[in-house]
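Undergrad: My structure is in model27.cif, and what it holds is mmCIF, C-alpha atoms:
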```
data_data
#
loop_
_atom_site.group_PDB
_atom_site.id
_atom_site.type_symbol
_atom_site.label_atom_id
_atom_site.label_comp_id
_atom_site.auth_asym_id
_atom_site.auth_seq_id
_atom_site.Cartn_x
_atom_site.Cartn_y
_atom_site.Cartn_z
ATOM 1 C CA MET A 1 0.000 0.000 0.000
ATOM 2 C CA TYR A 2 2.815 2.331 0.883
ATOM 3 C CA ALA A 3 4.593 1.513 -2.358
ATOM 4 C CA VAL A 4 1.497 2.348 -4.388
ATOM 5 C CA GLU A 5 1.118 5.702 -2.676
ATOM 6 C CA LYS A 6 4.781 6.435 -3.130
ATOM 7 C CA LYS A 7 4.567 5.583 -6.802
ATOM 8 C CA PHE A 8 1.486 7.758 -7.227
ATOM 9 C CA GLU A 9 3.219 10.652 -5.511
ATOM 10 C CA ILE A 10 6.243 10.276 -7.756
ATOM 11 C CA GLU A 11 4.066 10.142 -10.853
ATOM 12 C CA MET A 12 2.252 13.308 -9.783
ATOM 13 C CA LYS A 13 5.544 15.099 -9.189
ATOM 14 C CA LEU A 14 6.804 13.909 -12.536
ATOM 15 C CA LYS A 15 3.620 15.091 -14.175
ATOM 16 C CA ARG A 16 3.975 18.511 -12.547
ATOM 17 C CA GLU A 17 7.608 18.728 -13.587
ATOM 18 C CA MET A 18 6.688 17.773 -17.129
ATOM 19 C CA THR A 19 3.999 20.451 -17.111
ATOM 20 C CA ASN A 20 6.467 22.997 -15.742
ATOM 21 C CA MET A 21 9.004 21.964 -18.363
ATOM 22 C CA GLN A 22 6.475 22.403 -21.141
ATOM 23 C CA GLU A 23 5.525 25.814 -19.771
ATOM 24 C CA LEU A 24 9.214 26.700 -19.523
ATOM 25 C CA LYS A 25 9.780 25.608 -23.109
ATOM 26 C CA ALA A 26 6.768 27.653 -24.193
ATOM 27 C CA SER A 27 8.113 30.663 -22.282
ATOM 28 C CA ALA A 28 11.550 30.177 -23.810
ATOM 29 C CA LYS A 29 9.977 29.937 -27.242
ATOM 30 C CA ARG A 30 7.999 33.130 -26.649
ATOM 31 C CA SER A 31 11.124 34.849 -25.291
ATOM 32 C CA SER A 32 13.086 33.738 -28.317
ATOM 33 C CA ALA A 33 10.377 35.048 -30.620
ATOM 34 C CA LEU A 34 10.239 38.309 -28.679
ATOM 35 C CA ALA A 35 14.030 38.631 -28.767
ATOM 36 C CA SER A 36 13.954 37.994 -32.487
ATOM 37 C CA ASP A 37 11.313 40.690 -32.931
ATOM 38 C CA VAL A 38 13.352 43.114 -30.811
ATOM 39 C CA CYS A 39 16.447 42.347 -32.869
ATOM 40 C CA ASN A 40 14.489 42.950 -36.031
ATOM 41 C CA VAL A 41 13.192 46.260 -34.671
ATOM 42 C CA LEU A 42 16.664 47.306 -33.524
ATOM 43 C CA GLY A 43 18.094 46.308 -36.878
ATOM 44 C CA ALA A 44 15.457 48.360 -38.656
ATOM 45 C CA CYS A 45 16.153 51.316 -36.340
ATOM 46 C CA GLU A 46 19.874 51.038 -36.939
ATOM 47 C CA GLN A 47 19.310 50.913 -40.666
ATOM 48 C CA ARG A 48 17.069 53.959 -40.524
ATOM 49 C CA LEU A 49 19.587 55.796 -38.346
ATOM 50 C CA GLN A 50 22.293 55.032 -40.869
ATOM 51 C CA GLN A 51 20.062 56.312 -43.644
ATOM 52 C CA LEU A 52 19.309 59.438 -41.599
ATOM 53 C CA GLU A 53 22.991 59.975 -40.885
ATOM 54 C CA THR A 54 23.779 59.551 -44.557
ATOM 55 C CA ALA A 55 21.149 62.163 -45.374
ATOM 56 C CA VAL A 56 22.042 64.604 -42.560
ATOM 57 C CA LEU A 57 25.844 64.654 -42.775
ATOM 58 C CA PRO A 58 25.884 66.442 -46.145
ATOM 59 C CA LEU A 59 23.514 69.016 -44.652
ATOM 60 C CA TYR A 60 26.142 69.946 -42.074
ATOM 61 C CA GLY A 61 28.591 70.647 -44.857
ATOM 62 C CA ASP A 62 25.952 72.546 -46.812
ATOM 63 C CA THR A 63 25.074 74.592 -43.720
ATOM 64 C CA ALA A 64 28.720 75.525 -43.162
ATOM 65 C CA ARG A 65 29.057 76.526 -46.809
ATOM 66 C CA LEU A 66 25.831 78.530 -46.641
ATOM 67 C CA GLN A 67 27.053 80.318 -43.513
ATOM 68 C CA GLN A 68 30.318 81.182 -45.252
ATOM 69 C CA ILE A 69 28.411 82.403 -48.311
ATOM 70 C CA HIS A 70 26.164 84.512 -46.070
ATOM 71 C CA HIS A 71 29.204 85.976 -44.318
ATOM 72 C CA ASN A 72 30.831 86.775 -47.662
ATOM 73 C CA MET A 73 27.624 88.393 -48.885
ATOM 74 C CA GLU A 74 27.434 90.586 -45.783
ATOM 75 C CA ARG A 75 31.037 91.669 -46.258
ATOM 76 C CA THR A 76 30.362 92.366 -49.930
ATOM 77 C CA VAL A 77 27.257 94.423 -49.141
ATOM 78 C CA THR A 78 29.180 96.401 -46.514
ATOM 79 C CA ALA A 79 32.001 97.056 -48.973
ATOM 80 C CA LEU A 80 29.519 98.075 -51.667
ATOM 81 C CA ASP A 81 27.778 100.461 -49.276
ATOM 82 C CA HIS A 82 31.157 101.959 -48.438
ATOM 83 C CA VAL A 83 32.024 102.402 -52.120
ATOM 84 C CA ILE A 84 28.557 103.738 -52.976
ATOM 85 C CA ASN A 85 29.028 106.394 -50.296
ATOM 86 C CA TYR A 86 32.081 107.636 -52.204
ATOM 87 C CA TYR A 87 29.977 107.959 -55.353
ATOM 88 C CA MET A 88 27.209 109.780 -53.475
ATOM 89 C CA VAL A 89 29.350 112.063 -51.316
ATOM 90 C CA SER A 90 29.528 114.949 -53.801
ATOM 91 C CA ARG A 91 25.734 114.997 -54.210
ATOM 92 C CA GLU A 92 25.082 114.712 -50.492
ATOM 93 C CA LEU A 93 27.530 117.459 -49.505
ATOM 94 C CA SER A 94 27.100 119.818 -52.441
ATOM 95 C CA ASP A 95 24.597 122.144 -50.740
ATOM 96 C CA LEU A 96 26.587 122.252 -47.508
ATOM 97 C CA ILE A 97 29.861 123.047 -49.272
ATOM 98 C CA GLN A 98 28.331 125.605 -51.624
ATOM 99 C CA ALA A 99 26.761 127.419 -48.668
ATOM 100 C CA GLY A 100 30.204 127.897 -47.152
ATOM 101 C CA PRO A 101 31.280 127.577 -43.516
ATOM 102 C CA HIS A 102 29.235 129.217 -40.758
ATOM 103 C CA THR A 103 31.936 130.486 -38.450
ATOM 104 C CA GLY A 104 29.463 131.849 -35.917
ATOM 105 C CA SER A 105 28.879 128.353 -34.520
ATOM 106 C CA SER A 106 31.597 125.851 -33.690
ATOM 107 C CA GLU A 107 29.160 123.004 -34.369
ATOM 108 C CA SER A 108 28.372 124.296 -37.873
ATOM 109 C CA LEU A 109 32.048 124.852 -38.610
ATOM 110 C CA ASN A 110 32.912 121.334 -37.436
ATOM 111 C CA MET A 111 30.205 119.923 -39.728
ATOM 112 C CA TYR A 112 31.762 121.821 -42.631
ATOM 113 C CA LEU A 113 35.259 120.563 -41.801
ATOM 114 C CA GLU A 114 33.951 116.992 -41.497
ATOM 115 C CA ALA A 115 32.343 117.369 -44.932
ATOM 116 C CA LEU A 116 35.699 118.440 -46.378
ATOM 117 C CA ASP A 117 37.335 115.438 -44.702
ATOM 118 C CA LYS A 118 34.790 113.126 -46.362
ATOM 119 C CA LEU A 119 35.549 114.681 -49.740
ATOM 120 C CA ALA A 120 39.278 114.244 -49.135
ATOM 121 C CA GLU A 121 38.703 110.585 -48.233
ATOM 122 C CA ALA A 122 36.699 110.092 -51.434
ATOM 123 C CA GLN A 123 39.515 111.738 -53.398
ATOM 124 C CA ASN A 124 42.011 109.264 -51.976
ATOM 125 C CA TYR A 125 39.734 106.340 -52.847
ATOM 126 C CA PHE A 126 39.237 107.346 -56.474
ATOM 127 C CA ASN A 127 42.880 108.315 -56.974
ATOM 128 C CA LYS A 128 43.868 104.858 -55.767
ATOM 129 C CA ASN A 129 41.163 102.699 -57.353
ATOM 130 C CA ASN A 130 39.603 104.587 -60.268
ATOM 131 C CA PRO A 131 41.531 107.727 -61.226
ATOM 132 C CA GLN A 132 39.656 107.972 -64.551
ATOM 133 C CA SER A 133 36.252 108.255 -62.878
ATOM 134 C CA VAL A 134 34.109 111.251 -63.768
ATOM 135 C CA GLU A 135 33.015 111.347 -60.134
ATOM 136 C CA LEU A 136 36.584 112.166 -59.114
ATOM 137 C CA GLU A 137 36.424 115.362 -61.152
ATOM 138 C CA ASN A 138 33.178 116.363 -59.424
ATOM 139 C CA ILE A 139 34.693 115.658 -56.020
ATOM 140 C CA ASN A 140 37.845 117.617 -56.847
ATOM 141 C CA GLN A 141 35.829 120.636 -57.950
ATOM 142 C CA LEU A 142 33.638 120.550 -54.861
ATOM 143 C CA TYR A 143 36.610 120.016 -52.543
ATOM 144 C CA ASN A 144 38.602 122.878 -54.062
ATOM 145 C CA ALA A 145 35.572 125.158 -53.860
ATOM 146 C CA GLY A 146 35.085 124.202 -50.218
ATOM 147 C CA VAL A 147 38.714 124.897 -49.350
ATOM 148 C CA LEU A 148 38.549 128.297 -51.057
ATOM 149 C CA LYS A 149 35.399 129.165 -49.114
ATOM 150 C CA LEU A 150 37.083 128.101 -45.872
ATOM 151 C CA GLU A 151 40.128 130.239 -46.660
ATOM 152 C CA SER A 152 37.865 133.163 -47.494
ATOM 153 C CA ALA A 153 35.940 132.724 -44.234
ATOM 154 C CA PHE A 154 39.212 132.590 -42.289
ATOM 155 C CA GLU A 155 40.460 135.781 -43.930
ATOM 156 C CA ASP A 156 37.122 137.471 -43.252
ATOM 157 C CA LEU A 157 37.276 136.512 -39.578
ATOM 158 C CA LEU A 158 40.868 137.653 -39.389
ATOM 159 C CA SER A 159 40.027 140.998 -41.002
ATOM 160 C CA ARG A 160 37.008 141.625 -38.771
ATOM 161 C CA HIS A 161 38.914 140.877 -35.583
ATOM 162 C CA THR A 162 42.246 142.506 -36.392
ATOM 163 C CA ARG A 163 42.657 146.014 -35.029
ATOM 164 C CA PRO A 164 45.770 148.009 -34.113
ATOM 165 C CA LEU A 165 46.506 147.941 -30.407
ATOM 166 C CA SER A 166 46.443 151.239 -28.586
ATOM 167 C CA PRO A 167 49.634 152.339 -26.798
ATOM 168 C CA THR A 168 47.876 152.135 -23.437
ATOM 169 C CA ALA A 169 46.853 148.535 -24.142
ATOM 170 C CA LEU A 170 50.459 147.721 -25.000
ATOM 171 C CA MET A 171 51.645 149.353 -21.798
ATOM 172 C CA ASP A 172 49.174 147.237 -19.847
ATOM 173 C CA MET A 173 50.483 144.121 -21.583
ATOM 174 C CA ILE A 174 54.065 145.073 -20.719
ATOM 175 C CA ALA A 175 53.096 145.626 -17.104
ATOM 176 C CA LEU A 176 51.353 142.271 -16.955
ATOM 177 C CA GLU A 177 54.306 140.550 -18.605
ATOM 178 C CA GLU A 178 56.623 141.976 -15.939
ATOM 179 C CA ASP A 179 54.306 140.773 -13.175
ATOM 180 C CA SER A 180 55.650 137.358 -12.138
ATOM 181 C CA SER A 181 52.313 136.422 -10.571
ATOM 182 C CA VAL A 182 50.601 136.485 -13.985
ATOM 183 C CA ASP A 183 50.949 133.247 -15.962
ATOM 184 C CA SER A 184 50.028 134.657 -19.364
ATOM 185 C CA VAL A 185 49.363 137.948 -21.081
ATOM 186 C CA SER A 186 46.139 138.517 -22.981
ATOM 187 C CA VAL A 187 44.592 141.425 -24.810
ATOM 188 C CA SER A 188 41.397 142.690 -23.234
ATOM 189 C CA GLY A 189 38.813 145.273 -24.100
ATOM 190 C CA SER A 190 37.273 146.158 -27.440
ATOM 191 C CA ASN A 191 40.387 145.057 -29.353
ATOM 192 C CA SER A 192 40.222 141.458 -28.171
ATOM 193 C CA THR A 193 38.868 138.677 -30.323
ATOM 194 C CA CYS A 194 35.764 137.021 -28.914
ATOM 195 C CA ASN A 195 36.233 133.438 -27.846
ATOM 196 C CA SER A 196 33.922 131.908 -30.446
ATOM 197 C CA SER A 197 35.604 133.711 -33.327
ATOM 198 C CA LEU A 198 39.039 132.867 -31.963
ATOM 199 C CA GLU A 199 38.137 129.184 -31.715
ATOM 200 C CA ALA A 200 36.720 129.277 -35.240
ATOM 201 C CA MET A 201 39.930 130.820 -36.593
ATOM 202 C CA ARG A 202 42.046 128.258 -34.769
ATOM 203 C CA ALA A 203 39.955 125.352 -36.058
ATOM 204 C CA ALA A 204 40.028 126.665 -39.635
ATOM 205 C CA ALA A 205 43.768 127.379 -39.496
ATOM 206 C CA ALA A 206 44.486 123.923 -38.046
ATOM 207 C CA TRP A 207 42.471 122.211 -40.784
ATOM 208 C CA LEU A 208 44.063 124.271 -43.559
ATOM 209 C CA SER A 209 47.539 123.567 -42.184
ATOM 210 C CA ALA A 210 46.839 119.828 -42.016
ATOM 211 C CA ALA A 211 45.591 119.969 -45.624
ATOM 212 C CA GLY A 212 48.798 121.684 -46.764
ATOM 213 C CA ARG A 213 47.137 125.098 -47.145
ATOM 214 C CA ALA A 214 48.571 126.897 -44.116
ATOM 215 C CA PRO A 215 47.153 130.466 -44.029
ATOM 216 C CA ALA A 216 50.498 132.144 -43.399
ATOM 217 C CA THR A 217 50.137 134.652 -46.251
ATOM 218 C CA PRO A 218 46.776 136.140 -45.179
ATOM 219 C CA LEU A 219 47.921 136.098 -41.554
ATOM 220 C CA VAL A 220 50.942 138.249 -42.382
ATOM 221 C CA ALA A 221 49.100 140.385 -44.953
ATOM 222 C CA ILE A 222 46.229 141.252 -42.602
ATOM 223 C CA ARG A 223 47.874 141.398 -39.201
ATOM 224 C CA GLY A 224 51.195 142.799 -40.419
ATOM 225 C CA PRO A 225 49.852 146.302 -41.187
ATOM 226 C CA ALA A 226 47.949 146.337 -37.888
ATOM 227 C CA ALA A 227 51.113 145.412 -36.023
ATOM 228 C CA LEU A 228 53.111 148.058 -37.895
ATOM 229 C CA SER A 229 50.464 150.660 -37.116
ATOM 230 C CA SER A 230 50.563 149.663 -33.460
ATOM 231 C CA LEU A 231 54.359 149.946 -33.413
ATOM 232 C CA THR A 232 54.244 153.409 -34.958
ATOM 233 C CA ALA A 233 51.602 154.592 -32.513
ATOM 234 C CA PHE A 234 53.553 153.118 -29.623
ATOM 235 C CA LYS A 235 56.757 154.898 -30.669
ATOM 236 C CA ASP A 236 54.867 158.184 -30.940
ATOM 237 C CA TYR A 237 53.377 157.534 -27.528
ATOM 238 C CA LEU A 238 56.821 156.994 -26.035
ATOM 239 C CA ARG A 239 58.159 160.150 -27.646
ATOM 240 C CA SER A 240 55.197 162.151 -26.399
ATOM 241 C CA ARG A 241 55.971 161.020 -22.877
ATOM 242 C CA SER A 242 59.706 161.622 -23.342
ATOM 243 C CA MET A 243 60.493 157.963 -22.601
ATOM 244 C CA ALA A 244 63.678 156.524 -24.014
ATOM 245 C CA ALA A 245 63.214 153.405 -26.019
ATOM 246 C CA SER A 246 65.466 151.219 -23.908
ATOM 247 C CA PRO A 247 66.411 147.702 -25.085
ATOM 248 C CA LEU A 248 64.169 146.309 -22.354
ATOM 249 C CA MET A 249 61.207 148.346 -23.595
ATOM 250 C CA VAL A 250 61.891 147.294 -27.177
ATOM 251 C CA ARG A 251 61.999 143.668 -26.110
ATOM 252 C CA HIS A 252 58.695 143.987 -24.276
ATOM 253 C CA SER A 253 56.980 145.749 -27.145
ATOM 254 C CA THR A 254 58.278 143.218 -29.666
ATOM 255 C CA TYR A 255 57.007 140.375 -27.499
ATOM 256 C CA CYS A 256 53.573 141.987 -27.280
ATOM 257 C CA PHE A 257 53.326 142.467 -31.042
ATOM 258 C CA ILE A 258 54.392 138.912 -31.795
ATOM 259 C CA TYR A 259 51.796 137.629 -29.352
ATOM 260 C CA TYR A 260 49.161 139.886 -30.892
ATOM 261 C CA ILE A 261 49.932 138.729 -34.426
ATOM 262 C CA LEU A 262 49.837 135.040 -33.548
ATOM 263 C CA SER A 263 46.875 135.131 -31.153
#
```
In structure tokens, what does this structure look like?
TA:
Amino acid sequence: MYAVEKKFEIEMKLKREMTNMQELKASAKRSSALASDVCNVLGACEQRLQQLETAVLPLYGDTARLQQIHHNMERTVTALDHVINYYMVSRELSDLIQAGPHTGSSESLNMYLEALDKLAEAQNYFNKNNPQSVELENINQLYNAGVLKLESAFEDLLSRHTRPLSPTALMDMIALEEDSSVDSVSVSGSNSTCNSSLEAMRAAAAWLSAAGRAPATPLVAIRGPAALSSLTAFKDYLRSRSMAASPLMVRHSTYCFIYYILS
């Protein structure tokens, strides 16, 4: 009886093990099928990625080339704008140059000088790159006219603000020059040049000198007679006061006249 029960128990265990084995085989088969499907999917993904990479890689090169082309186009446009400005400068500045410099305002005078600088820059460009251009002739004519107007304005300012110094003013200058507590000597009163006009003359003279048109001739021609007249009046003043023209006095008076001429 015991043997029969033992045999039955063994058969049941064997049956369960067989069932488990079949289930395990079925699971292994399903796992194998699933793994095969996953491999197929991964293979398809890898193939598609390779195709995508093959399609995208040339785009990187094309993008780099397009960026370089865009950069070159921007540089070309900038250069063209710069060159076009040279061709347009005479038209844009014609009215300003023809009107002449307004020496009453430092801002207006600076605008005029900047306009002349632009014309000079355009001259250099055409002389270097296209000396046969008709535009160069227009620029030269406008530039020369502008320089002549600036010289004329400088001479006009110089004439309007150049007056012979009175003997008493010269005596005051000599006294100030002898005073060690005074750093500099200046002309005051009705004979002095107002600050705005003086600054305008300095700016115009500086520009003309830098352009190779230093206004030495009008400076001497206009202020020379005034200085000579002042010297004559000063000598008469000394004689009238019975003062000997000592070397020291001559030195002082000469210093004052030189300062007056150059101021």
Undergrad: Within 10 Å of Leu150 in chain A, counting only C-alpha atoms, which residues qualify if same-chain residues fewer than 3 places away don't, as JSON, numbers by chain?
TA: {"A": [97, 100, 101, 102, 103, 109, 112, 113, 116, 144, 145, 146, 147, 153, 154, 155, 156, 204, 205, 207, 208]}
Undergrad: Closest to Gln98 in chain A among A:Leu66, A:Val134, A:Leu148, A:Ala55, using all atoms listed in the file?
TA: A:Leu148
Undergrad: Take CA of Glu151 in chain A and CA of Lys128 in chain A and report the distance between them in Å, one decimal.
TA: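 Going from CA of Glu151 in chain A over to CA of Lys128 in chain A, I get 27.2 Å.
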Undergrad: List, as a list in words, every residue that the PyMOL selection byres ((chain A and resi 83-93) around 8) selects in the file provided.
TA: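 Selected by the PyMOL selection byres ((chain A and resi 83-93) around 8) in this file: Ala79, Leu80, Asp81, His82, Ser94, Asp95, Leu96, Ile97, Ala115, Lys118, Leu119, Ala122, Tyr125, Glu135, Asn138, Ile139 and Leu142 of chain A.
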Undergrad: One decimal, in Å: what's the spacing between CA of Ile69 in chain A and CA of Asn130 in chain A?
TA: 27.6 Å
